[in-house]
$ cat coords-v1.pdb   # PDB, C-alpha atoms, pLDDT in the B column
ATOM      1  CA  MET A   1     -42.452  -5.633   2.974  1.00 49.00           C
ATOM      2  CA  THR A   2     -43.764  -9.165   3.317  1.00 48.00           C
ATOM      3  CA  GLY A   3     -46.436 -10.782   1.145  1.00 58.00           C
ATOM      4  CA  TYR A   4     -50.115 -10.651   1.911  1.00 59.00           C
ATOM      5  CA  ASN A   5     -51.051 -11.983   5.320  1.00 59.00           C
ATOM      6  CA  ARG A   6     -54.528 -12.172   6.854  1.00 58.00           C
ATOM      7  CA  ALA A   7     -53.404 -11.288  10.386  1.00 58.00           C
ATOM      8  CA  ASN A   8     -54.681  -7.702  10.206  1.00 60.00           C
ATOM      9  CA  ARG A   9     -58.034  -8.810   8.821  1.00 52.00           C
ATOM     10  CA  GLN A  10     -58.190 -11.485  11.485  1.00 59.00           C
ATOM     11  CA  LYS A  11     -57.458  -8.968  14.252  1.00 56.00           C
ATOM     12  CA  HIS A  12     -60.211  -6.613  13.162  1.00 55.00           C
ATOM     13  CA  SER A  13     -62.764  -9.378  12.594  1.00 60.00           C
ATOM     14  CA  ARG A  14     -62.645 -11.092  15.978  1.00 54.00           C
ATOM     15  CA  LYS A  15     -65.963 -11.155  17.840  1.00 58.00           C
ATOM     16  CA  ASP A  16     -64.856 -11.724  21.437  1.00 66.00           C
ATOM     17  CA  PRO A  17     -65.281  -8.659  23.711  1.00 61.00           C
ATOM     18  CA  ILE A  18     -61.626  -8.350  24.699  1.00 57.00           C
ATOM     19  CA  SER A  19     -60.385  -8.318  21.108  1.00 57.00           C
ATOM     20  CA  ARG A  20     -63.074  -5.872  20.044  1.00 62.00           C
ATOM     21  CA  TRP A  21     -62.231  -3.536  22.933  1.00 57.00           C
ATOM     22  CA  HIS A  22     -58.518  -3.802  22.147  1.00 61.00           C
ATOM     23  CA  VAL A  23     -58.972  -2.844  18.493  1.00 75.00           C
ATOM     24  CA  ARG A  24     -61.527  -0.118  19.135  1.00 83.00           C
ATOM     25  CA  SER A  25     -59.399   1.537  21.817  1.00 86.00           C
ATOM     26  CA  MET A  26     -56.429   1.650  19.432  1.00 87.00           C
ATOM     27  CA  MET A  27     -58.470   3.116  16.582  1.00 91.00           C
ATOM     28  CA  GLU A  28     -60.086   5.692  18.856  1.00 94.00           C
ATOM     29  CA  VAL A  29     -56.681   7.062  19.833  1.00 94.00           C
ATOM     30  CA  ILE A  30     -55.773   7.271  16.146  1.00 95.00           C
ATOM     31  CA  TYR A  31     -59.021   9.079  15.414  1.00 97.00           C
ATOM     32  CA  ARG A  32     -58.487  11.565  18.237  1.00 95.00           C
ATOM     33  CA  LEU A  33     -55.023  12.390  16.936  1.00 96.00           C
ATOM     34  CA  VAL A  34     -56.242  12.788  13.355  1.00 97.00           C
ATOM     35  CA  GLU A  35     -59.227  14.860  14.464  1.00 97.00           C
ATOM     36  CA  SER A  36     -56.937  17.136  16.479  1.00 96.00           C
ATOM     37  CA  THR A  37     -55.183  18.159  13.245  1.00 97.00           C
ATOM     38  CA  ASN A  38     -58.507  19.400  11.829  1.00 97.00           C
ATOM     39  CA  PRO A  39     -57.966  17.911   8.356  1.00 98.00           C
ATOM     40  CA  LYS A  40     -60.138  18.084   5.271  1.00 98.00           C
ATOM     41  CA  THR A  41     -58.171  15.368   3.485  1.00 98.00           C
ATOM     42  CA  VAL A  42     -56.566  12.293   5.060  1.00 98.00           C
ATOM     43  CA  LEU A  43     -54.394   9.498   3.670  1.00 98.00           C
ATOM     44  CA  ASP A  44     -54.269   6.108   5.392  1.00 98.00           C
ATOM     45  CA  ALA A  45     -50.869   4.904   4.150  1.00 98.00           C
ATOM     46  CA  GLY A  46     -50.533   1.135   4.343  1.00 96.00           C
ATOM     47  CA  CYS A  47     -54.266   0.849   4.918  1.00 97.00           C
ATOM     48  CA  GLY A  48     -54.462  -2.937   4.615  1.00 94.00           C
ATOM     49  CA  GLU A  49     -58.069  -4.019   4.330  1.00 96.00           C
ATOM     50  CA  GLY A  50     -59.287  -0.540   5.213  1.00 97.00           C
ATOM     51  CA  PHE A  51     -60.456  -0.947   8.796  1.00 96.00           C
ATOM     52  CA  VAL A  52     -58.750   2.166  10.188  1.00 96.00           C
ATOM     53  CA  SER A  53     -59.750   4.411   7.284  1.00 97.00           C
ATOM     54  CA  GLN A  54     -63.338   3.220   7.547  1.00 96.00           C
ATOM     55  CA  TYR A  55     -63.335   3.909  11.280  1.00 96.00           C
ATOM     56  CA  LEU A  56     -62.119   7.449  10.630  1.00 97.00           C
ATOM     57  CA  ALA A  57     -64.841   7.939   8.022  1.00 97.00           C
ATOM     58  CA  THR A  58     -67.495   6.613  10.389  1.00 96.00           C
ATOM     59  CA  ARG A  59     -66.384   8.920  13.202  1.00 96.00           C
ATOM     60  CA  ASN A  60     -66.144  12.022  11.033  1.00 96.00           C
ATOM     61  CA  GLY A  61     -67.959  12.168   7.724  1.00 94.00           C
ATOM     62  CA  SER A  62     -66.578  15.624   6.884  1.00 96.00           C
ATOM     63  CA  MET A  63     -63.100  14.232   6.158  1.00 97.00           C
ATOM     64  CA  SER A  64     -62.241  13.052   2.654  1.00 98.00           C
ATOM     65  CA  ILE A  65     -60.258   9.851   3.218  1.00 98.00           C
ATOM     66  CA  THR A  66     -58.060   7.854   0.863  1.00 98.00           C
ATOM     67  CA  GLY A  67     -56.403   4.521   1.626  1.00 98.00           C
ATOM     68  CA  VAL A  68     -53.406   3.060  -0.173  1.00 98.00           C
ATOM     69  CA  ASP A  69     -51.769  -0.339   0.164  1.00 97.00           C
ATOM     70  CA  VAL A  70     -49.316  -2.450  -1.812  1.00 96.00           C
ATOM     71  CA  GLN A  71     -51.333  -5.684  -1.490  1.00 95.00           C
ATOM     72  CA  PRO A  72     -54.000  -6.188  -4.199  1.00 96.00           C
ATOM     73  CA  GLN A  73     -55.964  -8.616  -2.004  1.00 95.00           C
ATOM     74  CA  ALA A  74     -56.203  -6.053   0.784  1.00 95.00           C
ATOM     75  CA  ILE A  75     -57.311  -3.263  -1.550  1.00 97.00           C
ATOM     76  CA  GLU A  76     -59.881  -5.550  -3.163  1.00 97.00           C
ATOM     77  CA  PHE A  77     -61.356  -6.307   0.276  1.00 96.00           C
ATOM     78  CA  ALA A  78     -61.337  -2.614   1.244  1.00 97.00           C
ATOM     79  CA  LYS A  79     -63.072  -1.508  -1.947  1.00 98.00           C
ATOM     80  CA  LYS A  80     -65.701  -4.220  -1.638  1.00 97.00           C
ATOM     81  CA  ASN A  81     -66.517  -3.527   2.006  1.00 96.00           C
ATOM     82  CA  PHE A  82     -65.753   0.171   2.543  1.00 97.00           C
ATOM     83  CA  GLY A  83     -65.506   1.692  -0.933  1.00 96.00           C
ATOM     84  CA  GLU A  84     -68.683   3.714  -0.572  1.00 96.00           C
ATOM     85  CA  THR A  85     -67.139   6.002   2.041  1.00 97.00           C
ATOM     86  CA  VAL A  86     -63.376   5.767   1.408  1.00 98.00           C
ATOM     87  CA  THR A  87     -61.340   5.909  -1.812  1.00 98.00           C
ATOM     88  CA  TYR A  88     -58.803   3.080  -2.088  1.00 98.00           C
ATOM     89  CA  ARG A  89     -55.770   2.815  -4.371  1.00 98.00           C
ATOM     90  CA  LEU A  90     -53.026   0.303  -4.959  1.00 98.00           C
ATOM     91  CA  GLY A  91     -49.559   1.670  -4.279  1.00 98.00           C
ATOM     92  CA  SER A  92     -46.279   1.190  -2.461  1.00 97.00           C
ATOM     93  CA  LEU A  93     -45.224   3.050   0.665  1.00 97.00           C
ATOM     94  CA  TYR A  94     -41.837   3.468  -1.032  1.00 97.00           C
ATOM     95  CA  SER A  95     -43.380   5.374  -3.957  1.00 98.00           C
ATOM     96  CA  LEU A  96     -46.812   6.690  -3.055  1.00 98.00           C
ATOM     97  CA  PRO A  97     -48.947   7.431  -6.151  1.00 98.00           C
ATOM     98  CA  PHE A  98     -49.704  11.004  -5.111  1.00 98.00           C
ATOM     99  CA  SER A  99     -48.152  14.399  -5.735  1.00 98.00           C
ATOM    100  CA  ASP A 100     -46.354  16.398  -3.053  1.00 98.00           C
ATOM    101  CA  ASN A 101     -48.526  17.887  -0.288  1.00 98.00           C
ATOM    102  CA  SER A 102     -51.634  16.004  -1.407  1.00 98.00           C
ATOM    103  CA  PHE A 103     -53.201  15.447   2.026  1.00 98.00           C
ATOM    104  CA  ASP A 104     -53.674  17.595   5.113  1.00 98.00           C
ATOM    105  CA  THR A 105     -52.874  14.645   7.374  1.00 98.00           C
ATOM    106  CA  VAL A 106     -51.189  11.327   6.607  1.00 98.00           C
ATOM    107  CA  VAL A 107     -51.774   8.350   8.914  1.00 98.00           C
ATOM    108  CA  CYS A 108     -49.444   5.361   9.017  1.00 98.00           C
ATOM    109  CA  SER A 109     -50.748   2.878  11.571  1.00 95.00           C
ATOM    110  CA  GLN A 110     -48.948  -0.337  12.485  1.00 92.00           C
ATOM    111  CA  VAL A 111     -47.030  -0.406   9.197  1.00 94.00           C
ATOM    112  CA  LEU A 112     -43.463   0.813   9.682  1.00 96.00           C
ATOM    113  CA  GLU A 113     -42.574  -2.215  11.784  1.00 93.00           C
ATOM    114  CA  HIS A 114     -43.078  -4.325   8.641  1.00 90.00           C
ATOM    115  CA  VAL A 115     -41.013  -2.344   6.107  1.00 93.00           C
ATOM    116  CA  ASP A 116     -37.397  -3.068   5.209  1.00 93.00           C
ATOM    117  CA  ASP A 117     -36.550   0.510   4.228  1.00 96.00           C
ATOM    118  CA  VAL A 118     -38.161   2.655   6.897  1.00 96.00           C
ATOM    119  CA  GLU A 119     -36.277   5.812   5.894  1.00 97.00           C
ATOM    120  CA  THR A 120     -37.644   5.781   2.348  1.00 97.00           C
ATOM    121  CA  ALA A 121     -41.122   5.076   3.669  1.00 97.00           C
ATOM    122  CA  MET A 122     -40.939   7.985   6.116  1.00 97.00           C
ATOM    123  CA  ALA A 123     -39.673  10.321   3.392  1.00 97.00           C
ATOM    124  CA  GLU A 124     -42.710   9.414   1.281  1.00 98.00           C
ATOM    125  CA  LEU A 125     -45.125   9.998   4.157  1.00 98.00           C
ATOM    126  CA  LYS A 126     -43.680  13.474   4.697  1.00 98.00           C
ATOM    127  CA  ARG A 127     -43.651  14.226   0.976  1.00 98.00           C
ATOM    128  CA  VAL A 128     -47.387  13.700   0.456  1.00 98.00           C
ATOM    129  CA  ALA A 129     -48.401  15.324   3.769  1.00 98.00           C
ATOM    130  CA  ARG A 130     -49.348  19.001   3.665  1.00 97.00           C
ATOM    131  CA  ARG A 131     -49.597  19.591   7.427  1.00 97.00           C
ATOM    132  CA  PHE A 132     -49.362  16.579   9.768  1.00 98.00           C
ATOM    133  CA  VAL A 133     -48.258  12.971  10.000  1.00 98.00           C
ATOM    134  CA  VAL A 134     -49.712  10.524  12.538  1.00 98.00           C
ATOM    135  CA  ILE A 135     -47.564   7.461  13.240  1.00 97.00           C
ATOM    136  CA  THR A 136     -48.364   4.410  15.356  1.00 95.00           C
ATOM    137  CA  VAL A 137     -46.083   1.450  15.987  1.00 94.00           C
ATOM    138  CA  PRO A 138     -45.992  -1.377  18.536  1.00 89.00           C
ATOM    139  CA  ARG A 139     -44.454  -0.629  21.917  1.00 85.00           C
ATOM    140  CA  GLU A 140     -41.570  -2.969  22.618  1.00 66.00           C
ATOM    141  CA  PRO A 141     -40.735  -5.257  24.234  1.00 54.00           C
ATOM    142  CA  TYR A 142     -44.382  -5.660  25.262  1.00 49.00           C
ATOM    143  CA  PHE A 143     -45.842  -6.196  21.804  1.00 52.00           C
ATOM    144  CA  LYS A 144     -43.295  -8.832  20.789  1.00 56.00           C
ATOM    145  CA  LEU A 145     -43.906 -10.802  23.980  1.00 49.00           C
ATOM    146  CA  ALA A 146     -47.671 -10.709  23.455  1.00 51.00           C
ATOM    147  CA  ASN A 147     -47.368 -11.463  19.743  1.00 52.00           C
ATOM    148  CA  ASP A 148     -44.995 -14.399  20.226  1.00 50.00           C
ATOM    149  CA  PHE A 149     -47.397 -15.911  22.755  1.00 42.00           C
ATOM    150  CA  ALA A 150     -50.403 -15.361  20.468  1.00 47.00           C
ATOM    151  CA  ARG A 151     -48.632 -17.090  17.595  1.00 46.00           C
ATOM    152  CA  ALA A 152     -47.494 -19.946  19.821  1.00 49.00           C
ATOM    153  CA  ILE A 153     -51.100 -20.748  20.780  1.00 45.00           C
ATOM    154  CA  ARG A 154     -52.247 -20.090  17.182  1.00 48.00           C
ATOM    155  CA  PHE A 155     -54.387 -17.131  18.185  1.00 47.00           C
ATOM    156  CA  SER A 156     -52.630 -14.876  15.679  1.00 51.00           C
ATOM    157  CA  GLU A 157     -51.130 -15.300  12.215  1.00 56.00           C
ATOM    158  CA  ASP A 158     -48.983 -12.186  12.511  1.00 59.00           C
ATOM    159  CA  PRO A 159     -45.710 -13.022  10.698  1.00 59.00           C
ATOM    160  CA  GLY A 160     -43.613 -10.912  13.049  1.00 64.00           C
ATOM    161  CA  HIS A 161     -41.801  -7.625  12.485  1.00 76.00           C
ATOM    162  CA  VAL A 162     -38.512  -6.371  11.085  1.00 78.00           C
ATOM    163  CA  ASN A 163     -38.348  -3.118  13.088  1.00 82.00           C
ATOM    164  CA  PHE A 164     -38.750  -2.724  16.848  1.00 84.00           C
ATOM    165  CA  TRP A 165     -39.132   0.455  18.927  1.00 89.00           C
ATOM    166  CA  THR A 166     -39.108   0.830  22.684  1.00 90.00           C
ATOM    167  CA  SER A 167     -40.674   4.058  23.964  1.00 90.00           C
ATOM    168  CA  SER A 168     -37.313   5.827  23.986  1.00 91.00           C
ATOM    169  CA  ASP A 169     -36.361   4.443  20.567  1.00 94.00           C
ATOM    170  CA  PHE A 170     -39.625   5.693  19.082  1.00 95.00           C
ATOM    171  CA  GLN A 171     -39.139   9.177  20.501  1.00 95.00           C
ATOM    172  CA  ILE A 172     -35.630   9.342  19.086  1.00 95.00           C
ATOM    173  CA  PHE A 173     -36.855   8.069  15.712  1.00 96.00           C
ATOM    174  CA  MET A 174     -39.633  10.662  15.472  1.00 97.00           C
ATOM    175  CA  ARG A 175     -37.385  13.520  16.584  1.00 96.00           C
ATOM    176  CA  VAL A 176     -34.929  12.669  13.844  1.00 95.00           C
ATOM    177  CA  HIS A 177     -37.682  13.272  11.286  1.00 96.00           C
ATOM    178  CA  PHE A 178     -39.763  16.026  12.903  1.00 96.00           C
ATOM    179  CA  LYS A 179     -38.987  19.166  14.869  1.00 92.00           C
ATOM    180  CA  GLN A 180     -41.447  18.800  17.750  1.00 92.00           C
ATOM    181  CA  PRO A 181     -43.455  15.554  17.586  1.00 96.00           C
ATOM    182  CA  ARG A 182     -46.018  14.877  20.297  1.00 95.00           C
ATOM    183  CA  PHE A 183     -46.476  11.490  21.888  1.00 94.00           C
ATOM    184  CA  VAL A 184     -49.550   9.825  23.353  1.00 88.00           C
ATOM    185  CA  ARG A 185     -49.430   7.116  26.008  1.00 75.00           C
ATOM    186  CA  LYS A 186     -52.902   5.607  26.024  1.00 64.00           C
ATOM    187  CA  HIS A 187     -52.279   1.975  25.187  1.00 63.00           C
ATOM    188  CA  VAL A 188     -50.113  -0.753  26.705  1.00 66.00           C
ATOM    189  CA  ILE A 189     -48.715  -2.334  23.541  1.00 81.00           C
ATOM    190  CA  TYR A 190     -49.015   0.511  21.008  1.00 88.00           C
ATOM    191  CA  GLN A 191     -47.417   3.943  20.866  1.00 92.00           C
ATOM    192  CA  PHE A 192     -48.657   6.997  18.989  1.00 95.00           C
ATOM    193  CA  SER A 193     -47.207  10.250  17.726  1.00 96.00           C
ATOM    194  CA  VAL A 194     -48.430  13.249  15.732  1.00 97.00           C
ATOM    195  CA  ALA A 195     -46.033  15.706  14.138  1.00 97.00           C
ATOM    196  CA  SER A 196     -46.137  18.730  11.877  1.00 97.00           C
ATOM    197  CA  VAL A 197     -44.330  18.708   8.535  1.00 95.00           C
ATOM    198  CA  ASP A 198     -44.613  22.510   8.341  1.00 82.00           C
ATOM    199  CA  SER A 199     -41.226  24.205   8.572  1.00 60.00           C
ATOM    200  CA  ASN A 200     -42.868  26.783  10.817  1.00 58.00           C
ATOM    201  CA  ASN A 201     -43.840  23.968  13.199  1.00 53.00           C
ATOM    202  CA  GLU A 202     -47.606  24.422  13.033  1.00 57.00           C
ATOM    203  CA  SER A 203     -49.275  23.847  16.385  1.00 54.00           C
ATOM    204  CA  LEU A 204     -52.041  21.416  17.179  1.00 58.00           C
ATOM    205  CA  ARG A 205     -55.356  22.501  18.598  1.00 48.00           C
ATOM    206  CA  PRO A 206     -55.347  22.935  22.402  1.00 38.00           C
ATOM    207  CA  ASP A 207     -57.525  19.822  22.878  1.00 41.00           C
ATOM    208  CA  GLU A 208     -54.957  17.544  21.208  1.00 42.00           C
ATOM    209  CA  ALA A 209     -55.168  14.024  22.675  1.00 40.00           C
TER     210      ALA A 209
END

$ encode --input "coords-v1.pdb" --output "structure tokens"
Amino acid sequence: MTGYNRANRQKHSRKDPISRWHVRSMMEVIYRLVESTNPKTVLDAGCGEGFVSQYLATRNGSMSITGVDVQPQAIEFAKKNFGETVTYRLGSLYSLPFSDNSFDTVVCSQVLEHVDDVETAMAELKRVARRFVVITVPREPYFKLANDFARAIRFSEDPGHVNFWTSSDFQIFMRVHFKQPRFVRKHVIYQFSVASVDSNNESLRPDEA
């Protein structure tokens, strides 16, 4: 994974209406997927500065939420701004500081595109999840085109990605790791999936997003 970069913080802090709508729509899909798994405990793996985990906590105060990230600067920001409602810890996605089956649902949002060893990261996500994993990654080639343009006009400081998934690539990737993942198509440049880690293939609630 790359060193600390402020692009995520920048994305979530923009004040213009289009950017705010863009971010909120993405986080609402994530929340709907998490909520559909009916969890008591949630891990936001690769939480960055804590914006997604705080959004989940704001939308549903009954969930106990923990965020973990490898970047000390990000965790410091998260604790300072959101620490009253979410527990934050420093830790690597390659070796999460939690025991097996620690959380009902594990969320990994816009992270796997940045990691060099995606297989180890995915194994860790499944290890600490008791019931479900929610994964979101950029939809290619649309995200790369938009991101390259944003960097060219200095609208974004996103350093770029090391992994890229088209819609079909993402479905193949998830089906390698899970028996029956479900996919959500509610955003142009992001793609979402929720999957059970239960060997019995536990079903989602009927109102799953």

$ closest_residue --input "coords-v1.pdb" --among "A:Pro72, A:Tyr31, A:Pro181, A:Val194" --to "Ser53 in chain A" --atoms "only C-alpha atoms"
A:Tyr31

$ atom_distance --input "coords-v1.pdb" --atom1 "CA of Pro39 in chain A" --atom2 "CA of Ile189 in chain A"
26.9 Å

$ resolve_selection --input "coords-v1.pdb" --expression "the PyMOL selection byres ((chain A and resi 116) around 10)" --output "tab-separated table (two decimals) with C-alpha atoms, keeping the file's coordinate frame"
chain	number	residue	atom	x	y	z
A	1	MET	CA	-42.45	-5.63	2.97
A	2	THR	CA	-43.76	-9.16	3.32
A	112	LEU	CA	-43.46	0.81	9.68
A	113	GLU	CA	-42.57	-2.22	11.78
A	114	HIS	CA	-43.08	-4.32	8.64
A	115	VAL	CA	-41.01	-2.34	6.11
A	117	ASP	CA	-36.55	0.51	4.23
A	118	VAL	CA	-38.16	2.66	6.90
A	119	GLU	CA	-36.28	5.81	5.89
A	120	THR	CA	-37.64	5.78	2.35
A	121	ALA	CA	-41.12	5.08	3.67
A	161	HIS	CA	-41.80	-7.62	12.48
A	162	VAL	CA	-38.51	-6.37	11.08
A	163	ASN	CA	-38.35	-3.12	13.09

$ residues_around --input "coords-v1.pdb" --residues "range 60-68 of chain A" --least-positions-apart "4" --cutoff "9 Å" --atoms "all atoms listed in the file" --output "ChimeraX atom specification"
/A:31,35,38-48,50,53-56,75,78,85-93,96-97

$ closest_residue --input "coords-v1.pdb" --among "A:Arg59, A:Arg32, A:Phe192, A:Asp100" --to "Val134 in chain A" --atoms "all atoms listed in the file"
A:Phe192

$ atom_distance --input "coords-v1.pdb" --atom1 "CA of Val137 in chain A" --atom2 "CA of Trp165 in chain A"
7.6 Å

$ atom_distance --input "coords-v1.pdb" --atom1 "CA of Glu49 in chain A" --atom2 "CA of Ser167 in chain A"
27.4 Å

$ residues_around --input "coords-v1.pdb" --residues "Ala129 in chain A" --least-positions-apart "2" --cutoff "7 Å" --atoms "only C-alpha atoms" --output "list of chain:residue names"
A:Asn101, A:Ser102, A:Phe103, A:Asp104, A:Thr105, A:Val106, A:Leu125, A:Lys126, A:Arg127, A:Arg131, A:Phe132, A:Val133

$ closest_residue --input "coords-v1.pdb" --among "A:Arg182, A:Arg130, A:His177, A:Arg24" --to "Ser36 in chain A" --atoms "only C-alpha atoms"
A:Arg182

$ resolve_selection --input "coords-v1.pdb" --expression "the PyMOL selection byres ((chain A and resi 179) around 8)" --output "NGL selection string"
:A and (175-178 or 180-181 or 195-196 or 201)
